[in-house]
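Asker: So here's data-v4.cif, just mmCIF, C-alpha atoms:
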```cif
data_data
loop_
_atom_site.label_atom_id
_atom_site.label_comp_id
_atom_site.auth_asym_id
_atom_site.auth_seq_id
_atom_site.Cartn_x
_atom_site.Cartn_y
_atom_site.Cartn_z
CA MET A 1 71.21 101.62 108.62
CA LYS A 2 72.40 100.95 105.08
CA ALA A 3 75.65 102.69 104.15
CA LEU A 4 77.26 103.23 100.77
CA ILE A 5 81.03 103.80 100.74
CA THR A 6 82.68 105.13 97.59
CA GLY A 7 86.28 104.00 97.40
CA GLY A 8 85.31 101.27 99.85
CA VAL A 9 88.03 98.83 98.79
CA GLY A 10 90.77 101.32 99.63
CA PHE A 11 92.77 101.65 102.82
CA ILE A 12 90.40 103.86 104.83
CA GLY A 13 87.26 102.67 103.06
CA SER A 14 87.86 99.02 103.93
CA HIS A 15 88.41 99.88 107.59
CA LEU A 16 85.23 101.98 107.58
CA ALA A 17 83.26 99.08 106.07
CA GLU A 18 84.65 96.77 108.75
CA HIS A 19 83.69 99.25 111.50
CA LEU A 20 80.13 99.75 110.25
CA LEU A 21 79.52 96.03 109.80
CA SER A 22 80.74 95.37 113.35
CA HIS A 23 78.09 97.82 114.54
CA GLY A 24 75.25 96.01 112.78
CA GLN A 25 74.95 98.11 109.65
CA GLN A 26 74.56 96.95 106.07
CA VAL A 27 77.37 98.14 103.81
CA ALA A 28 77.66 98.49 100.05
CA VAL A 29 80.92 99.68 98.52
CA ILE A 30 81.81 100.86 95.05
CA ASP A 31 85.40 100.99 93.86
CA ASP A 32 87.06 100.97 90.44
CA LEU A 33 90.20 99.32 91.89
CA SER A 34 92.44 102.09 90.54
CA SER A 35 94.17 102.25 93.92
CA GLY A 36 92.17 99.94 96.20
CA ARG A 37 92.89 96.21 96.50
CA LEU A 38 90.32 93.43 96.68
CA GLU A 39 92.38 91.73 99.39
CA ASN A 40 91.44 94.63 101.69
CA VAL A 41 87.85 93.37 101.84
CA ALA A 42 88.45 89.64 101.26
CA HIS A 43 87.53 88.90 104.88
CA LEU A 44 84.22 90.75 104.46
CA ARG A 45 82.99 89.08 101.28
CA ALA A 46 81.24 86.22 103.12
CA ASN A 47 79.24 88.64 105.29
CA PRO A 48 75.65 88.73 103.96
CA HIS A 49 75.42 92.42 104.92
CA PHE A 50 78.37 93.37 102.72
CA HIS A 51 77.97 94.09 99.01
CA LEU A 52 80.63 95.08 96.48
CA ALA A 53 80.27 96.83 93.13
CA ILE A 54 83.41 97.11 91.01
CA ASP A 55 82.77 100.21 88.96
CA SER A 56 83.43 103.91 88.72
CA ILE A 57 81.43 106.51 90.65
CA ALA A 58 81.09 108.23 87.27
CA ASN A 59 78.72 105.42 86.18
CA GLU A 60 75.45 107.16 86.98
CA ILE A 61 73.30 104.09 86.37
CA VAL A 62 75.16 102.07 89.00
CA MET A 63 75.41 105.02 91.41
CA ASP A 64 71.69 105.73 91.06
CA ARG A 65 70.79 102.18 92.09
CA LEU A 66 73.24 102.13 95.00
CA ALA A 67 72.13 105.54 96.27
CA SER A 68 68.46 104.61 96.05
CA GLU A 69 69.10 101.59 98.28
CA CYS A 70 71.17 103.27 101.00
CA ASP A 71 70.51 105.64 103.91
CA ILE A 72 73.87 107.46 103.92
CA ILE A 73 76.84 107.90 101.59
CA TYR A 74 80.44 108.08 102.76
CA HIS A 75 82.37 109.61 99.87
CA LEU A 76 86.00 108.47 100.08
CA ALA A 77 86.79 107.83 96.41
CA ALA A 78 89.56 110.19 95.30
CA ALA A 79 92.98 110.39 93.71
CA VAL A 80 95.40 110.48 96.64
CA GLY A 81 99.11 110.55 97.39
CA VAL A 82 101.77 113.12 96.54
CA GLU A 83 103.24 110.99 93.75
CA MET A 84 99.83 110.65 92.10
CA VAL A 85 99.26 114.41 92.35
CA VAL A 86 102.65 115.28 90.87
CA HIS A 87 102.76 112.72 88.07
CA SER A 88 99.04 112.46 87.14
CA PRO A 89 97.56 115.94 87.68
CA VAL A 90 94.79 115.57 85.08
CA HIS A 91 93.59 112.32 86.66
CA THR A 92 93.78 113.91 90.12
CA ILE A 93 91.74 116.99 89.27
CA GLU A 94 89.12 115.22 87.15
CA THR A 95 88.66 112.33 89.58
CA ASN A 96 88.24 114.54 92.61
CA ILE A 97 86.03 117.28 91.22
CA MET A 98 83.93 115.37 88.70
CA GLY A 99 83.62 112.35 90.96
CA THR A 100 82.35 114.41 93.86
CA ALA A 101 79.93 116.25 91.60
CA ALA A 102 78.48 112.89 90.47
CA VAL A 103 78.10 111.67 94.06
CA LEU A 104 76.42 114.86 95.27
CA ARG A 105 74.07 114.87 92.29
CA VAL A 106 72.78 111.36 92.96
CA ALA A 107 72.70 111.93 96.73
CA ASN A 108 70.51 114.98 96.19
CA ARG A 109 68.17 112.97 93.98
CA TYR A 110 67.37 110.64 96.88
CA ARG A 111 68.07 113.09 99.76
CA ARG A 112 70.84 110.93 101.20
CA LYS A 113 73.20 112.45 103.75
CA VAL A 114 76.80 112.64 102.53
CA VAL A 115 79.93 112.43 104.68
CA LEU A 116 82.64 113.87 102.45
CA THR A 117 86.29 113.14 103.20
CA SER A 118 88.57 116.07 102.47
CA THR A 119 92.19 116.67 103.42
CA SER A 120 94.58 118.70 105.55
CA GLU A 121 96.21 119.70 102.25
CA ILE A 122 93.44 122.31 102.16
CA TYR A 123 95.50 124.52 104.49
CA GLY A 124 98.40 124.69 102.05
CA LYS A 125 101.50 126.57 103.22
CA SER A 126 99.80 128.36 106.09
CA GLU A 127 102.07 128.80 109.12
CA ARG A 128 99.20 129.37 111.54
CA VAL A 129 99.51 126.13 113.52
CA PRO A 130 97.44 124.33 114.69
CA PHE A 131 95.06 124.58 111.77
CA ALA A 132 91.43 125.38 112.63
CA GLU A 133 88.60 124.68 110.19
CA ASP A 134 87.79 128.36 109.52
CA ASP A 135 91.39 129.53 109.10
CA ASP A 136 92.52 131.23 105.90
CA ARG A 137 94.33 129.08 103.37
CA LEU A 138 97.69 129.79 101.70
CA LEU A 139 98.54 127.95 98.50
CA GLY A 140 101.35 128.09 95.96
CA PRO A 141 101.02 129.13 92.29
CA THR A 142 99.05 127.17 89.72
CA THR A 143 102.30 126.43 87.90
CA ARG A 144 103.20 124.04 90.74
CA SER A 145 101.09 120.89 90.27
CA ARG A 146 101.72 120.12 93.95
CA TRP A 147 98.81 122.39 94.85
CA SER A 148 96.26 120.98 92.39
CA TYR A 149 95.16 118.34 94.90
CA ALA A 150 94.44 120.93 97.60
CA CYS A 151 92.50 123.04 95.12
CA SER A 152 90.49 120.10 93.80
CA LYS A 153 89.49 119.06 97.34
CA ALA A 154 88.62 122.68 98.17
CA VAL A 155 86.25 122.70 95.20
CA ASP A 156 84.75 119.46 96.55
CA GLU A 157 84.09 121.19 99.87
CA PHE A 158 82.64 124.28 98.22
CA LEU A 159 80.33 122.12 96.10
CA ALA A 160 79.15 120.01 99.04
CA LEU A 161 78.42 123.10 101.13
CA ALA A 162 76.65 124.68 98.14
CA TYR A 163 74.34 121.66 97.90
CA ALA A 164 73.65 122.02 101.61
CA LYS A 165 72.90 125.73 101.38
CA GLU A 166 71.00 125.89 98.11
CA ARG A 167 69.25 122.51 98.05
CA GLY A 168 69.11 121.47 101.68
CA LEU A 169 71.20 118.34 101.21
CA PRO A 170 72.56 117.09 104.54
CA VAL A 171 76.36 116.99 104.29
CA ALA A 172 79.24 116.83 106.76
CA ILE A 173 82.90 117.27 105.83
CA ALA A 174 85.91 115.59 107.42
CA ARG A 175 89.36 117.04 106.78
CA LEU A 176 91.62 114.07 107.35
CA PHE A 177 95.16 114.62 108.52
CA ASN A 178 97.81 111.91 108.03
CA THR A 179 95.99 108.61 108.55
CA ILE A 180 97.96 105.38 108.91
CA GLY A 181 97.41 101.72 109.66
CA PRO A 182 97.38 98.21 108.18
CA ARG A 183 96.44 97.95 104.46
CA GLN A 184 97.89 101.35 103.57
CA THR A 185 100.21 101.11 100.59
CA GLY A 186 103.42 103.04 99.99
CA ARG A 187 102.68 102.93 96.28
CA TYR A 188 101.73 106.61 96.06
CA GLY A 189 104.37 108.05 98.36
CA MET A 190 102.72 107.35 101.73
CA VAL A 191 105.57 107.70 104.19
CA VAL A 192 104.75 105.17 106.94
CA PRO A 193 104.27 102.03 104.81
CA ARG A 194 107.32 103.05 102.79
CA PHE A 195 109.46 103.43 105.93
CA VAL A 196 108.17 100.15 107.39
CA ALA A 197 108.87 98.24 104.18
CA GLN A 198 112.39 99.65 104.01
CA ALA A 199 113.06 98.87 107.69
CA LEU A 200 111.83 95.29 107.41
CA ALA A 201 114.00 94.75 104.35
CA GLY A 202 117.04 96.22 106.08
CA GLU A 203 117.23 98.97 103.48
CA PRO A 204 117.99 102.65 104.20
CA LEU A 205 114.93 104.69 105.15
CA THR A 206 114.68 107.50 102.61
CA VAL A 207 113.68 110.83 104.17
CA TYR A 208 112.71 113.54 101.68
CA GLY A 209 114.04 117.02 102.36
CA ASP A 210 115.87 117.71 105.62
CA GLY A 211 113.45 115.63 107.71
CA ARG A 212 112.49 118.52 109.96
CA GLN A 213 109.01 118.83 108.47
CA THR A 214 106.42 117.64 111.00
CA ARG A 215 103.19 115.69 110.74
CA CYS A 216 100.57 114.18 113.05
CA PHE A 217 99.74 110.53 112.37
CA ALA A 218 96.34 109.15 113.41
CA ASP A 219 95.37 105.48 113.54
CA VAL A 220 92.82 104.58 110.87
CA ARG A 221 90.61 102.96 113.51
CA ASP A 222 90.29 106.29 115.29
CA VAL A 223 89.58 108.09 112.02
CA VAL A 224 86.76 105.77 110.90
CA ARG A 225 85.21 106.13 114.34
CA GLY A 226 85.14 109.88 113.69
CA LEU A 227 83.57 109.40 110.25
CA ALA A 228 80.82 107.27 111.79
CA ARG A 229 80.16 109.98 114.39
CA LEU A 230 79.78 112.55 111.61
CA ALA A 231 77.12 110.36 110.03
CA GLU A 232 75.21 110.05 113.30
CA CYS A 233 75.42 113.67 114.46
CA SER A 234 72.84 116.11 113.07
CA GLU A 235 74.80 119.01 114.62
CA ALA A 236 77.66 118.19 112.27
CA GLU A 237 75.68 118.96 109.13
CA SER A 238 76.95 121.80 106.93
CA GLU A 239 80.14 121.93 109.00
CA VAL A 240 83.80 120.99 108.47
CA PHE A 241 85.74 118.94 111.01
CA ASN A 242 89.44 118.23 111.39
CA LEU A 243 90.06 114.56 112.16
CA GLY A 244 93.63 113.79 113.15
CA SER A 245 96.11 113.18 115.91
CA THR A 246 97.62 116.15 117.74
CA ARG A 247 100.95 114.40 118.43
CA GLU A 248 103.46 116.22 116.26
CA ILE A 249 106.59 114.39 115.06
CA SER A 250 109.26 115.24 112.51
CA ILE A 251 109.77 112.88 109.59
CA ALA A 252 113.33 112.22 110.71
CA GLU A 253 112.05 111.30 114.19
CA LEU A 254 109.42 109.10 112.57
CA ALA A 255 112.13 107.24 110.67
CA ARG A 256 114.04 106.61 113.90
CA LEU A 257 110.85 105.43 115.60
CA VAL A 258 110.07 102.98 112.79
CA ILE A 259 113.58 101.56 113.07
CA ALA A 260 113.14 101.14 116.83
CA VAL A 261 109.68 99.56 116.58
CA THR A 262 110.73 97.07 113.89
CA GLY A 263 114.09 96.28 115.50
CA SER A 264 115.76 97.10 112.18
CA ARG A 265 119.41 97.94 111.62
CA SER A 266 118.56 100.23 108.73
CA GLN A 267 120.23 103.61 108.34
CA ILE A 268 118.56 106.88 107.40
CA VAL A 269 119.40 108.70 104.18
CA PHE A 270 118.15 112.06 102.96
CA MET A 271 116.94 112.82 99.44
CA PRO A 272 116.20 116.29 98.01
CA TYR A 273 112.56 116.90 97.10
CA GLU A 274 113.64 117.60 93.52
CA GLU A 275 114.89 114.03 93.18
CA ALA A 276 111.88 112.49 94.90
CA TYR A 277 109.19 114.44 93.04
CA GLU A 278 109.93 117.33 90.68
CA ALA A 279 111.93 120.56 90.41
CA GLY A 280 110.51 123.34 92.56
CA PHE A 281 108.45 120.98 94.75
CA GLU A 282 107.06 122.73 97.83
CA ASP A 283 106.06 121.03 101.06
CA MET A 284 104.22 122.07 104.20
CA GLN A 285 106.66 122.49 107.09
CA ARG A 286 104.11 121.68 109.81
CA ARG A 287 100.70 120.03 109.64
CA VAL A 288 98.93 119.99 112.99
CA PRO A 289 95.14 119.95 113.48
CA ASP A 290 93.05 121.86 115.95
CA VAL A 291 90.45 119.24 116.91
CA THR A 292 88.48 121.41 119.34
CA ARG A 293 85.37 121.33 117.15
CA ALA A 294 85.45 117.53 116.75
CA ALA A 295 85.88 117.11 120.51
CA ARG A 296 83.04 119.51 121.31
CA VAL A 297 80.46 118.44 118.71
CA LEU A 298 81.35 114.79 118.12
CA GLY A 299 83.01 113.86 121.41
CA TRP A 300 85.91 112.61 119.30
CA ARG A 301 89.67 112.54 119.73
CA ALA A 302 92.39 110.29 118.36
CA GLU A 303 93.32 107.82 121.10
CA THR A 304 95.75 105.24 119.70
CA ALA A 305 99.46 105.70 120.38
CA LEU A 306 101.68 106.09 117.32
CA GLU A 307 103.93 103.26 118.47
CA GLU A 308 100.96 100.89 118.63
CA THR A 309 99.90 101.78 115.11
CA LEU A 310 103.41 101.36 113.74
CA ARG A 311 103.61 97.89 115.29
CA ALA A 312 100.28 97.00 113.65
CA VAL A 313 101.55 98.24 110.27
CA ALA A 314 104.73 96.18 110.62
CA GLU A 315 102.82 93.04 111.66
CA TYR A 316 100.50 93.43 108.69
CA ALA A 317 103.43 93.87 106.29
CA VAL A 318 105.16 90.76 107.65
CA ALA A 319 101.97 88.67 107.47
CA ARG A 320 101.25 89.86 103.93
CA ARG A 321 104.79 89.00 102.80
CA ARG A 322 104.57 85.53 104.34
CA GLY A 323 101.24 84.98 102.64
CA ALA A 324 102.72 85.97 99.29
CA GLU A 325 105.71 83.69 99.84
CA GLY A 326 103.42 80.80 100.80
CA ALA A 327 101.31 81.32 97.69
CA GLY A 328 104.45 81.38 95.58
CA ALA A 329 105.69 78.14 97.11
CA ARG A 330 102.44 76.42 96.18
#
```
Output the structure of this file as structure tokens.

Answerer:
Amino acid sequence: MKALITGGVGFIGSHLAEHLLSHGQQVAVIDDLSSGRLENVAHLRANPHFHLAIDSIANEIVMDRLASECDIIYHLAAAVGVEMVVHSPVHTIETNIMGTAAVLRVANRYRRKVVLTSTSEIYGKSERVPFAEDDDRLLGPTTRSRWSYACSKAVDEFLALAYAKERGLPVAIARLFNTIGPRQTGRYGMVVPRFVAQALAGEPLTVYGDGRQTRCFADVRDVVRGLARLAECSEAESEVFNLGSTREISIAELARLVIAVTGSRSQIVFMPYEEAYEAGFEDMQRRVPDVTRAARVLGWRAETALEETLRAVAEYAVARRRGAEGAGAR
């Protein structure tokens, strides 16, 4: 099997490449390095079955060649992170919608199956928890840029399913809930790496809002296992699947857990959303997946304990800091 991963140098993409290579597949990745880091795949570069193209998925010449040489496309390239959505809405919308359109177009040309990664943001402000794939969606007004990401990913899903229905393109869609693990950056507002970095530095952990909002955090290793199952399972085609942990935890509880896991003496401080993002910012109070469909069709569930993942994130952060300090000393 020859896989192509868009956004393959990013956090999830690099873990997916690692997983596929460990299972004997050949992997090509394309990434424009707008958010991914080459260090994420440095340990893979010597593998003869790994190939890297540094370019945009909008480059149709490059994408045509890569698609013609692969058996399946995992489409992960996207603008992600709340800070990116709020501060760069044009980039977010254009990257997500136009990028996905380019990938589906070239995939259809060579009849390559596409595994499209979407997001739990799709469900918006819905209070019907846990969220099931066919539930109605509830979003805020278009004047709140917060919701542009959810809308752009919804268009991605509509377009992928339209290709499946009208042109017979095999597609499967994964709605990823909060995914965490080593290599994730806090650069775009991701809460776990931000909390871990603050705890290791002995700084206050900054909780946005009142901290009572809840999330479910899945280990990236579990998530990429689910993505691989979607690629293998013909029953998953033309369907949408939630991939996420079902362990619900408030952000304030998460902060306390990070402090405990890292052995930090940090305190917790609270910051209004308006100061963290923008005036009128709206957040989802609860985000919990119903993974019944993934369990039934894919035989998949998240298995890794949150504490174990947090320890792995902290160990990675410490090792990366030591490496940077060593390089500086030289």

Asker: Given the choices A:Leu169, A:Val80, A:Tyr316, A:Arg215, which gets closest to Ile93 in chain A if the distance is worked out from all atoms listed in the file?

Answerer: A:Val80

Asker: Just so the selection is clear, what residues does the PyMOL selection byres ((chain A and resi 113) around 8) cover here, as a list of chain:residue names?

Answerer: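 That selection, the PyMOL selection byres ((chain A and resi 113) around 8), comes back as A:Asp71, A:Ile72, A:Ile73, A:Ala107, A:Arg111, A:Arg112, A:Val114, A:Val115, A:Leu169, A:Pro170, A:Val171, A:Ala231.
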
Asker: For the file shown, what are the residues hit by the PyMOL selection byres ((chain A and resi 148-150) around 9), laid out as a list in words?

Answerer: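 What the PyMOL selection byres ((chain A and resi 148-150) around 9) grabs from the file is Ala79, Val80, Val82, Val85, Val86, Pro89, Thr92, Ile93, Asn96, Thr119, Ser120, Glu121, Ile122, Tyr123, Gly124, Leu139, Thr142, Arg144, Ser145, Arg146, Trp147, Cys151, Ser152, Lys153, Ala154 and Val155 of chain A.
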
Asker: Take the point (118.5, 100.3, 108.0) as written in the file and pick out every residue within 10 Å of it, counting only C-alpha atoms; give the list as a list in words.

Answerer: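 These residues have at least one counted atom within 10 Å: Phe195, Gln198, Ala199, Leu200, Ala201, Gly202, Glu203, Pro204, Leu205, Thr206, Ala255, Arg256, Ile259, Gly263, Ser264, Arg265, Ser266, Gln267, Ile268 and Val269 of chain A.
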
Asker: So, with all atoms listed in the file as the atoms that count, which of A:Ala132, A:Ala17, A:Ile61, A:Ala3 lies closest to Glu232 in chain A?

Answerer: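 Closest to Glu232 in chain A of all the choices is A:Ala3.
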
Asker: Please enumerate the residues selected by the PyMOL selection byres ((chain A and resi 218) around 6) when evaluated against the supplied file, formatted as a list in words.

Answerer: Thr179, Phe217, Asp219, Gly244 and Ser245 of chain A

Asker: Could those residues be written to a file, using C-alpha atoms, as a PDB file, in the frame of the given file?

Answerer:
```pdb
ATOM      1  CA  THR A 179      95.990 108.610 108.550  1.00  0.00           C
ATOM      2  CA  PHE A 217      99.740 110.530 112.370  1.00  0.00           C
ATOM      3  CA  ASP A 219      95.370 105.480 113.540  1.00  0.00           C
ATOM      4  CA  GLY A 244      93.630 113.790 113.150  1.00  0.00           C
ATOM      5  CA  SER A 245      96.110 113.180 115.910  1.00  0.00           C
TER       6      SER A 245
END
```

Asker: Need the shell around Ile173 in chain A: protein/DNA/RNA residues with any atom at most 9 Å away, counting all atoms listed in the file. Skip same-chain ones fewer than 2 positions apart. Format as a PyMOL selection string?

Answerer: chain A and resi 114-118+157+160-161+171+175+230+236-242

Asker: Which residues are near range 35-52 of chain A? Cut-off 8 Å, all atoms listed in the file, ignore same chain within fewer than 5 positions. Put them as a PyMOL selection string.

Answerer: chain A and resi 7-11+14+18+21+25-30+183

Asker: Please, what distance in Å, to one decimal, runs between CA of Gly226 in chain A and CA of Trp300 in chain A?

Answerer: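 Atom-to-atom, CA of Gly226 in chain A to CA of Trp300 in chain A, that is 6.3 Å.
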
Asker: Using all atoms listed in the file, which protein or nucleic acid residues come within 8 Å of Thr6 in chain A? Drop anything in the same chain fewer than 5 positions from it, and give the result as a VMD selection string.

Answerer: chain A and resid 13 29 to 31 57 73 to 77

Asker: Quick one, how far is CA of Val224 in chain A from CA of Ile12 in chain A?

Answerer: 7.3 Å

Asker: Calculated over only C-alpha atoms, which of the candidates A:Glu94, A:Glu282, A:Glu69, A:Asp290 has the smallest distance to Thr246 in chain A?

Answerer: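 Looking at the shortest contact to Thr246 in chain A, the residue is A:Asp290.
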
Asker: I'd like the interatomic distance between CA of Arg301 in chain A and CA of Lys165 in chain A, to a tenth of an Å.

Answerer: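 We find that CA of Arg301 in chain A and CA of Lys165 in chain A lie 28.1 Å from each other.
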
Asker: Could you check which of A:Tyr273, A:Arg212, A:Ala314, A:Thr100 is closest to Ile180 in chain A, using only C-alpha atoms?

Answerer: A:Ala314

Asker: When distances are computed from all atoms listed in the file, which of A:Ala276, A:Leu159, A:Ala172, A:Ile97 shows the smallest separation from Tyr208 in chain A?

Answerer: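 For Tyr208 in chain A, the nearest of the candidates is A:Ala276.
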
Asker: Which residue out of A:Met271, A:Ala319, A:Val313, A:Leu306 has the minimum interatomic distance to Val207 in chain A when only C-alpha atoms are used?

Answerer: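 Once distances to Val207 in chain A are computed over only C-alpha atoms, the minimum belongs to A:Met271.
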